[in-house]
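All remarks here apply to the structure that follows.
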Amino acid sequence: MHRGDREGDEGDGMTMRAIGLARGTVRVVRHNSAWNRLYRAEAKRLRHSLGPLARGIEHIGSTSVPGLMAKPILDIAVGIRRFDELPKVQRLLERLAYSRPRKGDRSNVTFVKGAERSRTHYLHVVRYDGRTWKRDIQFRDWLRTHTRDRERYAALKKRLATRYASDRKRYTAQKDDFIKSILRKTS
């Protein structure tokens with residue numbers, strides 16, 4: 001870590017202090033340019049570890065959208081060809097300090113990195129070029145190129161973060177209508 005780096009700093013120093021949030025809590029911060037660098041470094045580790053199992057690796061979620069307020073947790077999508085490859089993918093991810101906290105939807109298997117008091121990464125294993133893969137990339141790309149919708153989303157996130165600071169499930173659920181409205185525009 002570089003001296004002087006702090007959360008929300010737009011400087012060039014890459015720092016893990018730029019990310020991390022307690023499980024279940026909500027806090028949105030202004031965009032931090034370190035997020036993209038942290039993503040690129042993590043994507044390189046993932047490519048090296050997963051090799052051809054990872055058909056694609058994408059930075060998704062609000063930290064992937066320059067100028068957008070976000071929870072300081074990196075969301076990364078890893079696209080795989082077939083879900084019968086998941087046990088091998090899981091073993092390789094565990095070597096990179098990812099864990100799978102719960103069994104869930106087989107179309108989007110989430111792994112986490114970081115202690116419960118400071119989650120740093122959510123890694124979503126999805127079918128490469130499947131519905132979830134395309135949806136997450138379309139939403140990200142729309143917000144990157146449509147300032148007005150990005151600003152509306154930032155305002156919504158800020159309001160919801162204040163209202164649901166200790167209830168991430170409700171915070172997430174309350175964003176659903178906005179996300180669906182954007183996805184209708186991308187179709």
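Just so we're on the same page: first chain in the structure tokens is A, next is B, and so on; residues restart at 1 for each chain, and ligands are numbered from 1 in the order they show up.
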Produce a table with one row for each residue of stretch 84-180 of chain A that has an atom at most 10 Å from any atom of stretch 17-20 of chain A, each row naming the nearest atom pair and its distance in Å at one decimal; use only C-alpha atoms; arrange rows by chain and rising residue number; format as CSV.
residue,atom,partner,partner_atom,distance
A:Lys113,CA,A:Gly20,CA,9.6
A:Gly114,CA,A:Gly20,CA,7.6
A:Ala115,CA,A:Gly20,CA,9.0
A:Glu116,CA,A:Gly20,CA,9.5
A:Arg117,CA,A:Gly20,CA,8.1
A:Ser118,CA,A:Gly20,CA,4.6
A:Arg119,CA,A:Gly20,CA,5.0
A:Thr120,CA,A:Gly20,CA,4.4
A:His121,CA,A:Gly20,CA,7.9
**Study point:** Nearest to A:Arg95, chosen from A:Ser64, A:Thr132, A:Ser49, A:Ser107, with only C-alpha atoms counted in the distances
**Key:** A:Ser49
Practice item. Give the answer as one residue: which of A:Val109, A:Leu74, A:Leu68, A:Ile137 has the shortest atom-to-atom distance to A:Arg37, using only C-alpha atoms? Key: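 That would be A:Leu74, the residue with the smallest distance to A:Arg37.
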Point to revise | Coordinates-based distance that separates atom CA of A:Ala54 from atom CA of A:Ala22 (Å, one decimal) | key: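 Going from atom CA of A:Ala22 over to atom CA of A:Ala54, I get 28.2 Å.
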Would you mind writing down, as an mmCIF file with C-alpha atoms, in the first residue's frame, each residue of stretch 1-95 of chain A that DSSP on the backbone assigns to alpha helix (DSSP H)?
data_model
loop_
_atom_site.group_PDB
_atom_site.id
_atom_site.type_symbol
_atom_site.label_atom_id
_atom_site.label_comp_id
_atom_site.auth_asym_id
_atom_site.auth_seq_id
_atom_site.Cartn_x
_atom_site.Cartn_y
_atom_site.Cartn_z
ATOM 1 C CA ALA A 34 -8.158 2.338 -7.833
ATOM 2 C CA TRP A 35 -11.125 0.011 -8.388
ATOM 3 C CA ASN A 36 -10.293 -0.548 -12.041
ATOM 4 C CA ARG A 37 -6.633 -1.235 -11.252
ATOM 5 C CA LEU A 38 -7.613 -3.646 -8.486
ATOM 6 C CA TYR A 39 -9.972 -5.391 -10.901
ATOM 7 C CA ARG A 40 -7.264 -5.718 -13.580
ATOM 8 C CA ALA A 41 -4.820 -7.217 -11.067
ATOM 9 C CA GLU A 42 -7.446 -9.677 -9.819
ATOM 10 C CA ALA A 43 -8.523 -10.593 -13.362
ATOM 11 C CA LYS A 44 -4.899 -11.408 -14.188
ATOM 12 C CA ARG A 45 -4.706 -13.753 -11.171
ATOM 13 C CA LEU A 46 -8.007 -15.355 -12.162
ATOM 14 C CA ARG A 47 -6.908 -15.884 -15.783
ATOM 15 C CA HIS A 48 -3.664 -17.427 -14.610
ATOM 16 C CA SER A 49 -5.414 -19.757 -12.152
ATOM 17 C CA LEU A 50 -8.500 -20.713 -14.169
ATOM 18 C CA LEU A 86 -17.910 -25.781 -11.342
ATOM 19 C CA PRO A 87 -16.219 -28.189 -8.856
ATOM 20 C CA LYS A 88 -12.860 -27.670 -10.583
ATOM 21 C CA VAL A 89 -13.438 -23.896 -10.775
ATOM 22 C CA GLN A 90 -14.295 -23.847 -7.064
ATOM 23 C CA ARG A 91 -11.085 -25.682 -6.095
ATOM 24 C CA LEU A 92 -9.016 -23.201 -8.102
ATOM 25 C CA LEU A 93 -10.844 -20.200 -6.638
ATOM 26 C CA GLU A 94 -10.311 -21.495 -3.109
ATOM 27 C CA ARG A 95 -6.548 -21.333 -3.791
#
Check your understanding: In Å to one decimal, how far is atom CA of A:Asn108 from atom CA of A:Asp84?
Key ->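 Taking atom CA of A:Asp84 and atom CA of A:Asn108, their separation equals 13.4 Å.
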Check your understanding: Leaving out A:Gly61 and any residue of its chain fewer than 5 positions from it, which residues lie within 8 Å of it when counting only C-alpha atoms, given as a list in words?
Key ->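 Contacts, in chain order: Leu74, Asp75, Ile76, Asp136 and Arg140 of chain A.
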Pull the closest atom pair for each residue of stretch 69-93 of chain A that gets at most 12 Å from stretch 160-184 of chain A, along with the distance in Å to one decimal, counting only C-alpha atoms, ordering rows by chain and then ascending residue number, as a tab-separated table.
residue	atom	partner	partner_atom	distance
A:Met69	CA	A:Ala161	CA	10.8
A:Ala70	CA	A:Ala161	CA	9.9
A:Lys71	CA	A:Ala161	CA	9.1
Output file for the residues above (N, CA and C atoms, as a compact mmCIF listing (two decimals), in the first residue's frame):
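The new file part_31.txt reads:
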# COMPACT_ATOMS: atom_id res chain seq x y z
N MET A 69 -21.22 6.27 -7.89
CA MET A 69 -21.05 5.89 -6.48
C MET A 69 -21.27 4.38 -6.37
N ALA A 70 -20.59 3.76 -5.41
CA ALA A 70 -20.69 2.31 -5.31
C ALA A 70 -20.36 1.85 -3.89
N LYS A 71 -20.86 0.66 -3.57
CA LYS A 71 -20.36 -0.02 -2.38
C LYS A 71 -18.92 -0.41 -2.72
**Study point:** Residue list (strand (DSSP E or B), DSSP) for stretch 18-154 of chain A, as an MDAnalysis selection string
**Key:** chainID A and resid 21 29 56:60 70 74:80 98:99 108:113 119 121:127
Review point. At what distance in Å, to one decimal, does atom CA of A:Glu58 lie from atom CA of A:Arg27?
Key: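 So the answer is 23.1 Å.
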Point to revise | Nearest-residue call for A:Asp129, choices A:Leu53, A:Ile73, A:Val78, A:Leu21, using only C-alpha atoms | key: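 Residue with the minimum atom-to-atom distance to A:Asp129: A:Val78.
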Practice item. Fewer than 3 positions away in the same chain doesn't count, so skip those; otherwise give me all residues within 12 Å of A:Gly130, counting only C-alpha atoms, as a list in words. Key: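 Non-adjacent residues within range: Arg55, Gly56, Ala77, Val78, Gly79, Ile80, Arg81, Arg82, Phe83, Ser107, Asn108, Val125, Val126, Arg127, Trp133, Lys134, Arg135, Asp136 and Ile137 of chain A.
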Export, as an mmCIF file, in the first residue's frame, the selected residues with C-alpha atoms.
data_model
loop_
_atom_site.group_PDB
_atom_site.id
_atom_site.type_symbol
_atom_site.label_atom_id
_atom_site.label_comp_id
_atom_site.auth_asym_id
_atom_site.auth_seq_id
_atom_site.Cartn_x
_atom_site.Cartn_y
_atom_site.Cartn_z
ATOM 1 C CA ARG A 55 -14.137 -18.183 -21.153
ATOM 2 C CA GLY A 56 -14.433 -14.552 -20.097
ATOM 3 C CA ALA A 77 -18.146 -12.081 -13.563
ATOM 4 C CA VAL A 78 -16.368 -15.240 -14.657
ATOM 5 C CA GLY A 79 -18.024 -16.937 -17.599
ATOM 6 C CA ILE A 80 -17.662 -20.692 -17.883
ATOM 7 C CA ARG A 81 -18.868 -22.942 -20.671
ATOM 8 C CA ARG A 82 -20.577 -25.640 -18.596
ATOM 9 C CA PHE A 83 -21.628 -25.862 -14.961
ATOM 10 C CA SER A 107 -27.087 -19.875 -13.115
ATOM 11 C CA ASN A 108 -25.092 -17.459 -10.908
ATOM 12 C CA VAL A 125 -19.593 -17.633 -11.923
ATOM 13 C CA VAL A 126 -22.121 -17.652 -14.748
ATOM 14 C CA ARG A 127 -22.573 -19.336 -18.108
ATOM 15 C CA TRP A 133 -23.580 -12.696 -18.453
ATOM 16 C CA LYS A 134 -25.201 -10.530 -21.126
ATOM 17 C CA ARG A 135 -27.518 -8.722 -18.678
ATOM 18 C CA ASP A 136 -24.703 -7.665 -16.339
ATOM 19 C CA ILE A 137 -22.548 -6.382 -19.196
#
